[in-house]
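Chemist: Once you've had a glance at the structure underneath, I'll fire off some questions.
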Amino acid sequence: MKKINVGVIGAGYWGKKHVYEWRLLDNANLLGVSDVSPENRELCKKEYNVPYAILDYKELLEKPEIDAVSIATPNETHYQICKDAFDAGKHVLVEKPIALESKKAKELVKIANEKDLVLAVGHIYRFNNALHKMREFVQKGFFQKIFMIKLQWTALHPPLKGRDILFDLAPHSFDILNYLLDEWPKKITCVAKTYRRKELEEAAYIIAEHKSNVLGHIELNWLIPGKTREIFIIGSDRCARINAVSQEVTIYES
């Protein structure tokens with residue numbers, strides 16, 4: 001199998017995870033990293049032996065030997081960097097959200113299709129074994145009629161510069177609902193608040209109503225101690241509690 005040559009754009013907290021993971025794959029070569037921080041570039045060069053450590057991501061995109069890029073930059077930059085990558089003929093894995101506006105996200109999907117390039121978004125819970133099993137159970141009617149799905153994504157974080165909880169965490173919740181139900185909400189109601197700063201929300205409570213009458217309840221919060229990543233599936237015959245971190249499932253009979 002031909003190895004794919006990869007570059008990573010953005011080598012901060014989450015981008016370093018991309019750098020580390022690409023190096024573990026037998027069918028991939030990590031050839032380059034681009035980041036605005038000289039410290040991050042130097043670390044990638046010394047610790048991970050990355051051949052190219054570049055300030056300007058466009059210079060990385062100009063490398064003909066690179067087939068694909070991971071993008072782990074601030075949310076507001078995703079659209080333009082994806083577009084530039086497609087213009088350079090590169091396949092793309094981008095962290096969520098794909099863009100800050102739905103019309104721009106759809107535009108990127110259209111461009112990828114037109115250029116026959118891969119566009120993948122980092123919805124990591126699609127690869128969670130517990131959620132794989134729950135999707136299988138839902139499809140087999142294990143819960144019979146599903147009444148509601150509750151998701152709790154909470155932790156105690158200091159205010160995160162340039163990040164709000166809706167764009168940072170809600171894409172996971174909606175993707176999980178869609179993955180389990182094969183259905184997008186028909187109506188969404190949300191209340192979000194900021195407490196420790198003047199803008200960029202730190203807590204949000206969302207109701208997602210589906211055509212199938214399933215109610216999605218999503219709690220997102222950066223003010224609650226302890227890291228919780230839990231999903232409850234409430235059905236007419238059975239209920240399930242899913243710990244998405246440990247990938248453990250507890251089944252309750254009605």
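Labels for the structure tokens follow display order: chains A, B, ..., residues from 1 in each chain, ligands from 1.
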Going by DSSP on the backbone, which bits of region 89-174 of chain A are helix (DSSP H, G or I)? Write them as a PDB file with N, CA and C atoms, in the first residue's frame, please.

Modeler:
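Final output, saved to part-v4.pdb:
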```
ATOM      1  N   SER A 102     -22.875  27.813   8.103  1.00  0.00           N
ATOM      2  CA  SER A 102     -23.291  26.607   7.387  1.00  0.00           C
ATOM      3  C   SER A 102     -23.075  26.729   5.884  1.00  0.00           C
ATOM      4  N   LYS A 103     -23.295  27.935   5.325  1.00  0.00           N
ATOM      5  CA  LYS A 103     -23.128  28.092   3.882  1.00  0.00           C
ATOM      6  C   LYS A 103     -21.677  27.895   3.472  1.00  0.00           C
ATOM      7  N   LYS A 104     -20.740  28.271   4.345  1.00  0.00           N
ATOM      8  CA  LYS A 104     -19.327  28.065   4.036  1.00  0.00           C
ATOM      9  C   LYS A 104     -18.949  26.591   4.172  1.00  0.00           C
ATOM     10  N   ALA A 105     -19.546  25.904   5.145  1.00  0.00           N
ATOM     11  CA  ALA A 105     -19.313  24.472   5.276  1.00  0.00           C
ATOM     12  C   ALA A 105     -19.807  23.734   4.034  1.00  0.00           C
ATOM     13  N   LYS A 106     -20.993  24.093   3.550  1.00  0.00           N
ATOM     14  CA  LYS A 106     -21.535  23.462   2.340  1.00  0.00           C
ATOM     15  C   LYS A 106     -20.674  23.775   1.128  1.00  0.00           C
ATOM     16  N   GLU A 107     -20.119  24.976   1.102  1.00  0.00           N
ATOM     17  CA  GLU A 107     -19.238  25.344  -0.010  1.00  0.00           C
ATOM     18  C   GLU A 107     -17.997  24.457  -0.034  1.00  0.00           C
ATOM     19  N   LEU A 108     -17.434  24.173   1.137  1.00  0.00           N
ATOM     20  CA  LEU A 108     -16.256  23.312   1.199  1.00  0.00           C
ATOM     21  C   LEU A 108     -16.581  21.895   0.749  1.00  0.00           C
ATOM     22  N   VAL A 109     -17.742  21.398   1.134  1.00  0.00           N
ATOM     23  CA  VAL A 109     -18.172  20.065   0.684  1.00  0.00           C
ATOM     24  C   VAL A 109     -18.294  20.039  -0.839  1.00  0.00           C
ATOM     25  N   LYS A 110     -18.866  21.085  -1.408  1.00  0.00           N
ATOM     26  CA  LYS A 110     -19.026  21.179  -2.860  1.00  0.00           C
ATOM     27  C   LYS A 110     -17.672  21.203  -3.561  1.00  0.00           C
ATOM     28  N   ILE A 111     -16.745  21.999  -3.044  1.00  0.00           N
ATOM     29  CA  ILE A 111     -15.422  22.092  -3.660  1.00  0.00           C
ATOM     30  C   ILE A 111     -14.713  20.736  -3.610  1.00  0.00           C
ATOM     31  N   ALA A 112     -14.783  20.063  -2.453  1.00  0.00           N
ATOM     32  CA  ALA A 112     -14.142  18.749  -2.320  1.00  0.00           C
ATOM     33  C   ALA A 112     -14.704  17.759  -3.331  1.00  0.00           C
ATOM     34  N   ASN A 113     -16.027  17.770  -3.506  1.00  0.00           N
ATOM     35  CA  ASN A 113     -16.645  16.869  -4.483  1.00  0.00           C
ATOM     36  C   ASN A 113     -16.208  17.202  -5.901  1.00  0.00           C
ATOM     37  N   GLU A 114     -16.183  18.476  -6.225  1.00  0.00           N
ATOM     38  CA  GLU A 114     -15.802  18.895  -7.573  1.00  0.00           C
ATOM     39  C   GLU A 114     -14.355  18.542  -7.889  1.00  0.00           C
ATOM     40  N   LYS A 115     -13.486  18.615  -6.912  1.00  0.00           N
ATOM     41  CA  LYS A 115     -12.066  18.339  -7.124  1.00  0.00           C
ATOM     42  C   LYS A 115     -11.706  16.882  -6.818  1.00  0.00           C
ATOM     43  N   ILE A 124     -14.500  12.761  16.587  1.00  0.00           N
ATOM     44  CA  ILE A 124     -13.791  11.606  17.135  1.00  0.00           C
ATOM     45  C   ILE A 124     -14.721  10.559  17.740  1.00  0.00           C
ATOM     46  N   TYR A 125     -15.922  10.967  18.140  1.00  0.00           N
ATOM     47  CA  TYR A 125     -16.813   9.997  18.780  1.00  0.00           C
ATOM     48  C   TYR A 125     -17.439   9.028  17.777  1.00  0.00           C
ATOM     49  N   ARG A 126     -17.258   9.270  16.498  1.00  0.00           N
ATOM     50  CA  ARG A 126     -17.654   8.279  15.494  1.00  0.00           C
ATOM     51  C   ARG A 126     -16.817   7.003  15.620  1.00  0.00           C
ATOM     52  N   PHE A 127     -15.675   7.123  16.317  1.00  0.00           N
ATOM     53  CA  PHE A 127     -14.759   5.993  16.448  1.00  0.00           C
ATOM     54  C   PHE A 127     -14.745   5.444  17.869  1.00  0.00           C
ATOM     55  N   ASN A 129     -16.050   2.930  20.615  1.00  0.00           N
ATOM     56  CA  ASN A 129     -16.615   1.581  20.578  1.00  0.00           C
ATOM     57  C   ASN A 129     -17.975   1.493  21.264  1.00  0.00           C
ATOM     58  N   ALA A 130     -18.150   2.244  22.355  1.00  0.00           N
ATOM     59  CA  ALA A 130     -19.444   2.215  23.050  1.00  0.00           C
ATOM     60  C   ALA A 130     -20.543   2.786  22.165  1.00  0.00           C
ATOM     61  N   LEU A 131     -20.250   3.870  21.447  1.00  0.00           N
ATOM     62  CA  LEU A 131     -21.250   4.456  20.556  1.00  0.00           C
ATOM     63  C   LEU A 131     -21.509   3.569  19.346  1.00  0.00           C
ATOM     64  N   HIS A 132     -20.478   2.872  18.866  1.00  0.00           N
ATOM     65  CA  HIS A 132     -20.697   1.896  17.789  1.00  0.00           C
ATOM     66  C   HIS A 132     -21.745   0.865  18.219  1.00  0.00           C
ATOM     67  N   LYS A 133     -21.577   0.331  19.430  1.00  0.00           N
ATOM     68  CA  LYS A 133     -22.501  -0.688  19.919  1.00  0.00           C
ATOM     69  C   LYS A 133     -23.908  -0.116  20.116  1.00  0.00           C
ATOM     70  N   MET A 134     -24.019   1.132  20.631  1.00  0.00           N
ATOM     71  CA  MET A 134     -25.331   1.729  20.834  1.00  0.00           C
ATOM     72  C   MET A 134     -26.036   1.994  19.499  1.00  0.00           C
ATOM     73  N   ARG A 135     -25.297   2.400  18.481  1.00  0.00           N
ATOM     74  CA  ARG A 135     -25.903   2.588  17.160  1.00  0.00           C
ATOM     75  C   ARG A 135     -26.468   1.256  16.647  1.00  0.00           C
ATOM     76  N   GLU A 136     -25.686   0.204  16.856  1.00  0.00           N
ATOM     77  CA  GLU A 136     -26.148  -1.131  16.459  1.00  0.00           C
ATOM     78  C   GLU A 136     -27.422  -1.507  17.209  1.00  0.00           C
ATOM     79  N   PHE A 137     -27.465  -1.237  18.528  1.00  0.00           N
ATOM     80  CA  PHE A 137     -28.643  -1.543  19.329  1.00  0.00           C
ATOM     81  C   PHE A 137     -29.852  -0.736  18.862  1.00  0.00           C
ATOM     82  N   VAL A 138     -29.641   0.547  18.573  1.00  0.00           N
ATOM     83  CA  VAL A 138     -30.741   1.401  18.103  1.00  0.00           C
ATOM     84  C   VAL A 138     -31.302   0.853  16.799  1.00  0.00           C
ATOM     85  N   GLN A 139     -30.439   0.477  15.883  1.00  0.00           N
ATOM     86  CA  GLN A 139     -30.885  -0.019  14.580  1.00  0.00           C
ATOM     87  C   GLN A 139     -31.627  -1.347  14.690  1.00  0.00           C
ATOM     88  N   ILE A 165     -18.255  27.749  24.158  1.00  0.00           N
ATOM     89  CA  ILE A 165     -18.619  26.350  24.370  1.00  0.00           C
ATOM     90  C   ILE A 165     -19.485  25.779  23.256  1.00  0.00           C
ATOM     91  N   LEU A 166     -20.246  26.624  22.570  1.00  0.00           N
ATOM     92  CA  LEU A 166     -21.133  26.121  21.520  1.00  0.00           C
ATOM     93  C   LEU A 166     -20.340  25.588  20.324  1.00  0.00           C
ATOM     94  N   PHE A 167     -19.413  26.399  19.812  1.00  0.00           N
ATOM     95  CA  PHE A 167     -18.635  25.941  18.666  1.00  0.00           C
ATOM     96  C   PHE A 167     -17.606  24.892  19.071  1.00  0.00           C
ATOM     97  N   ASP A 168     -17.178  24.916  20.343  1.00  0.00           N
ATOM     98  CA  ASP A 168     -16.155  23.986  20.779  1.00  0.00           C
ATOM     99  C   ASP A 168     -16.714  22.595  21.059  1.00  0.00           C
ATOM    100  N   LEU A 169     -17.887  22.509  21.681  1.00  0.00           N
ATOM    101  CA  LEU A 169     -18.416  21.213  22.113  1.00  0.00           C
ATOM    102  C   LEU A 169     -19.691  20.763  21.410  1.00  0.00           C
ATOM    103  N   ALA A 170     -20.568  21.688  21.045  1.00  0.00           N
ATOM    104  CA  ALA A 170     -21.856  21.286  20.476  1.00  0.00           C
ATOM    105  C   ALA A 170     -21.738  20.455  19.195  1.00  0.00           C
ATOM    106  N   PRO A 171     -20.736  20.665  18.322  1.00  0.00           N
ATOM    107  CA  PRO A 171     -20.639  19.794  17.143  1.00  0.00           C
ATOM    108  C   PRO A 171     -20.570  18.307  17.498  1.00  0.00           C
ATOM    109  N   HIS A 172     -19.911  17.971  18.625  1.00  0.00           N
ATOM    110  CA  HIS A 172     -19.883  16.572  19.063  1.00  0.00           C
ATOM    111  C   HIS A 172     -21.296  16.078  19.353  1.00  0.00           C
ATOM    112  N   SER A 173     -22.051  16.887  20.090  1.00  0.00           N
ATOM    113  CA  SER A 173     -23.388  16.459  20.518  1.00  0.00           C
ATOM    114  C   SER A 173     -24.307  16.206  19.333  1.00  0.00           C
ATOM    115  N   PHE A 174     -24.339  17.144  18.395  1.00  0.00           N
ATOM    116  CA  PHE A 174     -25.229  16.981  17.243  1.00  0.00           C
ATOM    117  C   PHE A 174     -24.772  15.833  16.344  1.00  0.00           C
TER     118      PHE A 174
END
```

Chemist: Within 12 Å of Glu39 (chain A), counting only C-alpha atoms, which residues qualify if same-chain residues fewer than 6 places away don't, as a list in words?

Modeler: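 Here the qualifying residues turn out to be Ala11, Gly12, Lys45, Lys46, Glu47, Ala53, Ile54 and Leu55 of chain A.
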
Chemist: Those residues you just picked out, can you put them in a file as a short mmCIF file (atom, residue, chain, number, x, y, z; two decimals), in the first residue's frame with C-alpha atoms?

Modeler:
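Writing done, so here's result.cif:
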```cif
data_model
loop_
_atom_site.label_atom_id
_atom_site.label_comp_id
_atom_site.auth_asym_id
_atom_site.auth_seq_id
_atom_site.Cartn_x
_atom_site.Cartn_y
_atom_site.Cartn_z
CA ALA A 11 0.64 22.49 16.26
CA GLY A 12 -0.88 23.83 19.46
CA LYS A 45 11.26 19.38 14.59
CA LYS A 46 13.32 18.13 17.52
CA GLU A 47 10.94 15.77 19.32
CA ALA A 53 8.68 23.13 10.30
CA ILE A 54 7.19 26.19 8.60
CA LEU A 55 5.62 29.46 9.72
#
```

Chemist: From the list A:Lys227, A:Lys58, A:Lys83, A:His157, which residue is nearest Ser246 (chain A) when using only C-alpha atoms?

Modeler: A:Lys227

Chemist: Go through A:Asp35, A:Glu62, A:Glu248, A:Asp116 one by one, measure the shortest atom-to-atom distance of each to Lys16 (chain A) using only C-alpha atoms, and give the residue with the smallest value.

Modeler: A:Asp35

Chemist: Please identify all polymer residues within 10 Å of Glu95 (chain A), counting only C-alpha atoms, omitting same-chain residues fewer than 6 positions from it, and present them as a compact mmCIF listing (two decimals) with N, CA and C atoms, in the first residue's frame.

Modeler:
```txt
# COMPACT_ATOMS: atom_id res chain seq x y z
N TRP A 14 -4.12 20.84 20.52
CA TRP A 14 -4.77 19.75 19.81
C TRP A 14 -3.98 19.34 18.57
N GLY A 15 -3.30 20.29 17.94
CA GLY A 15 -2.50 19.96 16.77
C GLY A 15 -1.38 18.99 17.08
N HIS A 18 -2.47 15.55 16.64
CA HIS A 18 -2.44 15.13 15.24
C HIS A 18 -1.02 14.69 14.86
N SER A 70 -3.74 17.88 7.92
CA SER A 70 -4.62 18.03 9.08
C SER A 70 -4.65 19.49 9.45
N ILE A 71 -5.83 20.00 9.78
CA ILE A 71 -5.97 21.41 10.16
C ILE A 71 -6.49 21.47 11.59
N ALA A 72 -5.67 22.02 12.48
CA ALA A 72 -6.04 22.13 13.90
C ALA A 72 -5.71 23.55 14.37
N THR A 73 -6.30 24.50 13.69
CA THR A 73 -6.08 25.92 13.96
C THR A 73 -7.33 26.51 14.62
N PRO A 74 -7.33 27.78 15.04
CA PRO A 74 -8.54 28.38 15.61
C PRO A 74 -9.74 28.25 14.66
N ASN A 75 -10.92 28.10 15.25
CA ASN A 75 -12.14 27.81 14.49
C ASN A 75 -12.37 28.77 13.32
N HIS A 78 -10.66 27.89 9.89
CA HIS A 78 -10.84 26.60 9.23
C HIS A 78 -11.26 26.75 7.77
N ALA A 120 -12.60 15.36 5.50
CA ALA A 120 -13.03 14.67 6.72
C ALA A 120 -12.99 15.65 7.88
N VAL A 121 -13.97 15.54 8.78
CA VAL A 121 -14.05 16.43 9.94
C VAL A 121 -13.80 15.59 11.19
N GLY A 122 -13.07 16.16 12.17
CA GLY A 122 -12.64 15.40 13.33
C GLY A 122 -13.72 15.12 14.36
N HIS A 123 -14.75 14.38 13.95
CA HIS A 123 -15.78 13.95 14.89
C HIS A 123 -15.31 12.65 15.54
N ILE A 124 -14.50 12.76 16.59
CA ILE A 124 -13.79 11.61 17.13
C ILE A 124 -14.72 10.56 17.74
N ASP A 168 -17.18 24.92 20.34
CA ASP A 168 -16.16 23.99 20.78
C ASP A 168 -16.71 22.59 21.06
```

Chemist: Measuring atom to atom with only C-alpha atoms, identify which of A:Asp175, A:Tyr20, A:Leu31, A:Ala192 is nearest to Pro97 (chain A).

Modeler: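 So, comparing all the options, the nearest one is A:Asp175.
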
Chemist: What is the distance, in Å and to one decimal place, between CA of Ile149 (chain A) and CA of Ala240 (chain A)?

Modeler: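 Between CA of Ile149 (chain A) and CA of Ala240 (chain A) the gap is 9.5 Å.
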
Chemist: So which one's closest to Gly10 (chain A), A:Asp56, A:Leu30, A:Arg196, A:Tyr48? Using only C-alpha atoms, please.

Modeler: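 Counting only C-alpha atoms, the residue closest to Gly10 (chain A) is A:Asp56.
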
Chemist: Could you state the separation of CA of Ala85 (chain A) and CA of Leu61 (chain A) in Å, given to one decimal place?

Modeler: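 CA of Leu61 (chain A) lies 6.4 Å from CA of Ala85 (chain A).
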
Chemist: For a quick check of understanding, using only C-alpha atoms, which of A:Leu220, A:Asp67, A:Ile4, A:Ala208 has the smallest distance to Gly89 (chain A)?

Modeler: A:Asp67

Chemist: Env of Asp237 (chain A): 6 Å cut, atoms = only C-alpha atoms, seq-sep filter 2 positions within chain, self excluded. Answer as a PDB file with N, CA and C atoms, in the first residue's frame.

Modeler:
```pdb
ATOM      1  N   PHE A 143     -34.040  -0.758  22.157  1.00  0.00           N
ATOM      2  CA  PHE A 143     -34.710   0.118  23.122  1.00  0.00           C
ATOM      3  C   PHE A 143     -36.203   0.255  22.826  1.00  0.00           C
ATOM      4  N   GLN A 144     -36.658  -0.406  21.750  1.00  0.00           N
ATOM      5  CA  GLN A 144     -38.002  -0.204  21.231  1.00  0.00           C
ATOM      6  C   GLN A 144     -38.170   1.274  20.863  1.00  0.00           C
ATOM      7  N   GLY A 235     -35.414   4.721  26.450  1.00  0.00           N
ATOM      8  CA  GLY A 235     -36.362   4.060  25.568  1.00  0.00           C
ATOM      9  C   GLY A 235     -37.547   3.499  26.315  1.00  0.00           C
ATOM     10  N   SER A 254     -36.527  -1.511  31.892  1.00  0.00           N
ATOM     11  CA  SER A 254     -37.675  -0.721  32.374  1.00  0.00           C
ATOM     12  C   SER A 254     -38.553  -1.562  33.286  1.00  0.00           C
TER      13      SER A 254
END
```

Chemist: Measuring atom to atom with only C-alpha atoms, identify which of A:Leu180, A:Thr154, A:Pro38, A:His217 is nearest to Lys140 (chain A).

Modeler: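 Of the candidates, the smallest distance to Lys140 (chain A) is held by A:Leu180.
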
Chemist: Using backbone DSSP assignments, extract all strand (DSSP E or B) residues from region 78-163 of chain A; output them as a VMD selection string.

Modeler: chain A and resid 91 to 94 119 to 121 146 to 156

Chemist: Let me see the file: selected residues, N, CA and C atoms, as a PDB file, in the first residue's frame.

Modeler:
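Generated file (again18.pdb):
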```pdb
ATOM      1  N   HIS A  91      -5.881  16.601   0.103  1.00  0.00           N
ATOM      2  CA  HIS A  91      -6.967  16.065   0.911  1.00  0.00           C
ATOM      3  C   HIS A  91      -6.909  16.718   2.285  1.00  0.00           C
ATOM      4  N   VAL A  92      -8.053  16.764   2.994  1.00  0.00           N
ATOM      5  CA  VAL A  92      -8.130  17.534   4.233  1.00  0.00           C
ATOM      6  C   VAL A  92      -8.813  16.744   5.343  1.00  0.00           C
ATOM      7  N   LEU A  93      -8.183  16.750   6.524  1.00  0.00           N
ATOM      8  CA  LEU A  93      -8.835  16.398   7.783  1.00  0.00           C
ATOM      9  C   LEU A  93      -8.833  17.661   8.624  1.00  0.00           C
ATOM     10  N   VAL A  94     -10.017  18.181   8.955  1.00  0.00           N
ATOM     11  CA  VAL A  94     -10.111  19.440   9.701  1.00  0.00           C
ATOM     12  C   VAL A  94     -10.828  19.200  11.017  1.00  0.00           C
ATOM     13  N   LEU A 119     -12.628  15.278   2.185  1.00  0.00           N
ATOM     14  CA  LEU A 119     -12.836  16.250   3.263  1.00  0.00           C
ATOM     15  C   LEU A 119     -13.401  15.488   4.450  1.00  0.00           C
ATOM     16  N   ALA A 120     -12.601  15.361   5.500  1.00  0.00           N
ATOM     17  CA  ALA A 120     -13.033  14.668   6.718  1.00  0.00           C
ATOM     18  C   ALA A 120     -12.985  15.647   7.881  1.00  0.00           C
ATOM     19  N   VAL A 121     -13.971  15.543   8.778  1.00  0.00           N
ATOM     20  CA  VAL A 121     -14.049  16.429   9.939  1.00  0.00           C
ATOM     21  C   VAL A 121     -13.802  15.592  11.195  1.00  0.00           C
ATOM     22  N   ILE A 146     -37.608   5.029  21.209  1.00  0.00           N
ATOM     23  CA  ILE A 146     -36.714   5.929  21.926  1.00  0.00           C
ATOM     24  C   ILE A 146     -37.454   7.218  22.257  1.00  0.00           C
ATOM     25  N   PHE A 147     -37.452   7.587  23.536  1.00  0.00           N
ATOM     26  CA  PHE A 147     -38.116   8.810  23.985  1.00  0.00           C
ATOM     27  C   PHE A 147     -37.173  10.012  23.907  1.00  0.00           C
ATOM     28  N   MET A 148     -35.987   9.851  24.482  1.00  0.00           N
ATOM     29  CA  MET A 148     -35.065  10.984  24.516  1.00  0.00           C
ATOM     30  C   MET A 148     -33.625  10.508  24.626  1.00  0.00           C
ATOM     31  N   ILE A 149     -32.713  11.389  24.255  1.00  0.00           N
ATOM     32  CA  ILE A 149     -31.279  11.150  24.421  1.00  0.00           C
ATOM     33  C   ILE A 149     -30.700  12.381  25.120  1.00  0.00           C
ATOM     34  N   LYS A 150     -30.045  12.151  26.244  1.00  0.00           N
ATOM     35  CA  LYS A 150     -29.449  13.242  27.020  1.00  0.00           C
ATOM     36  C   LYS A 150     -27.931  13.155  26.921  1.00  0.00           C
ATOM     37  N   LEU A 151     -27.302  14.272  26.632  1.00  0.00           N
ATOM     38  CA  LEU A 151     -25.850  14.333  26.550  1.00  0.00           C
ATOM     39  C   LEU A 151     -25.332  15.362  27.540  1.00  0.00           C
ATOM     40  N   GLN A 152     -24.339  14.975  28.341  1.00  0.00           N
ATOM     41  CA  GLN A 152     -23.728  15.885  29.301  1.00  0.00           C
ATOM     42  C   GLN A 152     -22.229  15.958  29.024  1.00  0.00           C
ATOM     43  N   TRP A 153     -21.791  17.107  28.558  1.00  0.00           N
ATOM     44  CA  TRP A 153     -20.370  17.361  28.267  1.00  0.00           C
ATOM     45  C   TRP A 153     -19.933  18.511  29.177  1.00  0.00           C
ATOM     46  N   THR A 154     -19.396  18.191  30.355  1.00  0.00           N
ATOM     47  CA  THR A 154     -19.070  19.222  31.332  1.00  0.00           C
ATOM     48  C   THR A 154     -17.672  19.000  31.908  1.00  0.00           C
ATOM     49  N   ALA A 155     -17.066  20.101  32.349  1.00  0.00           N
ATOM     50  CA  ALA A 155     -15.758  20.068  32.997  1.00  0.00           C
ATOM     51  C   ALA A 155     -15.512  21.458  33.579  1.00  0.00           C
ATOM     52  N   LEU A 156     -14.525  21.554  34.455  1.00  0.00           N
ATOM     53  CA  LEU A 156     -14.124  22.852  34.981  1.00  0.00           C
ATOM     54  C   LEU A 156     -12.895  23.317  34.209  1.00  0.00           C
TER      55      LEU A 156
END
```

Chemist: Please, what distance in Å, to one decimal, runs between CA of Ile188 (chain A) and CA of Ile81 (chain A)?

Modeler: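 Distance reported for this atom pair: 29.2 Å.
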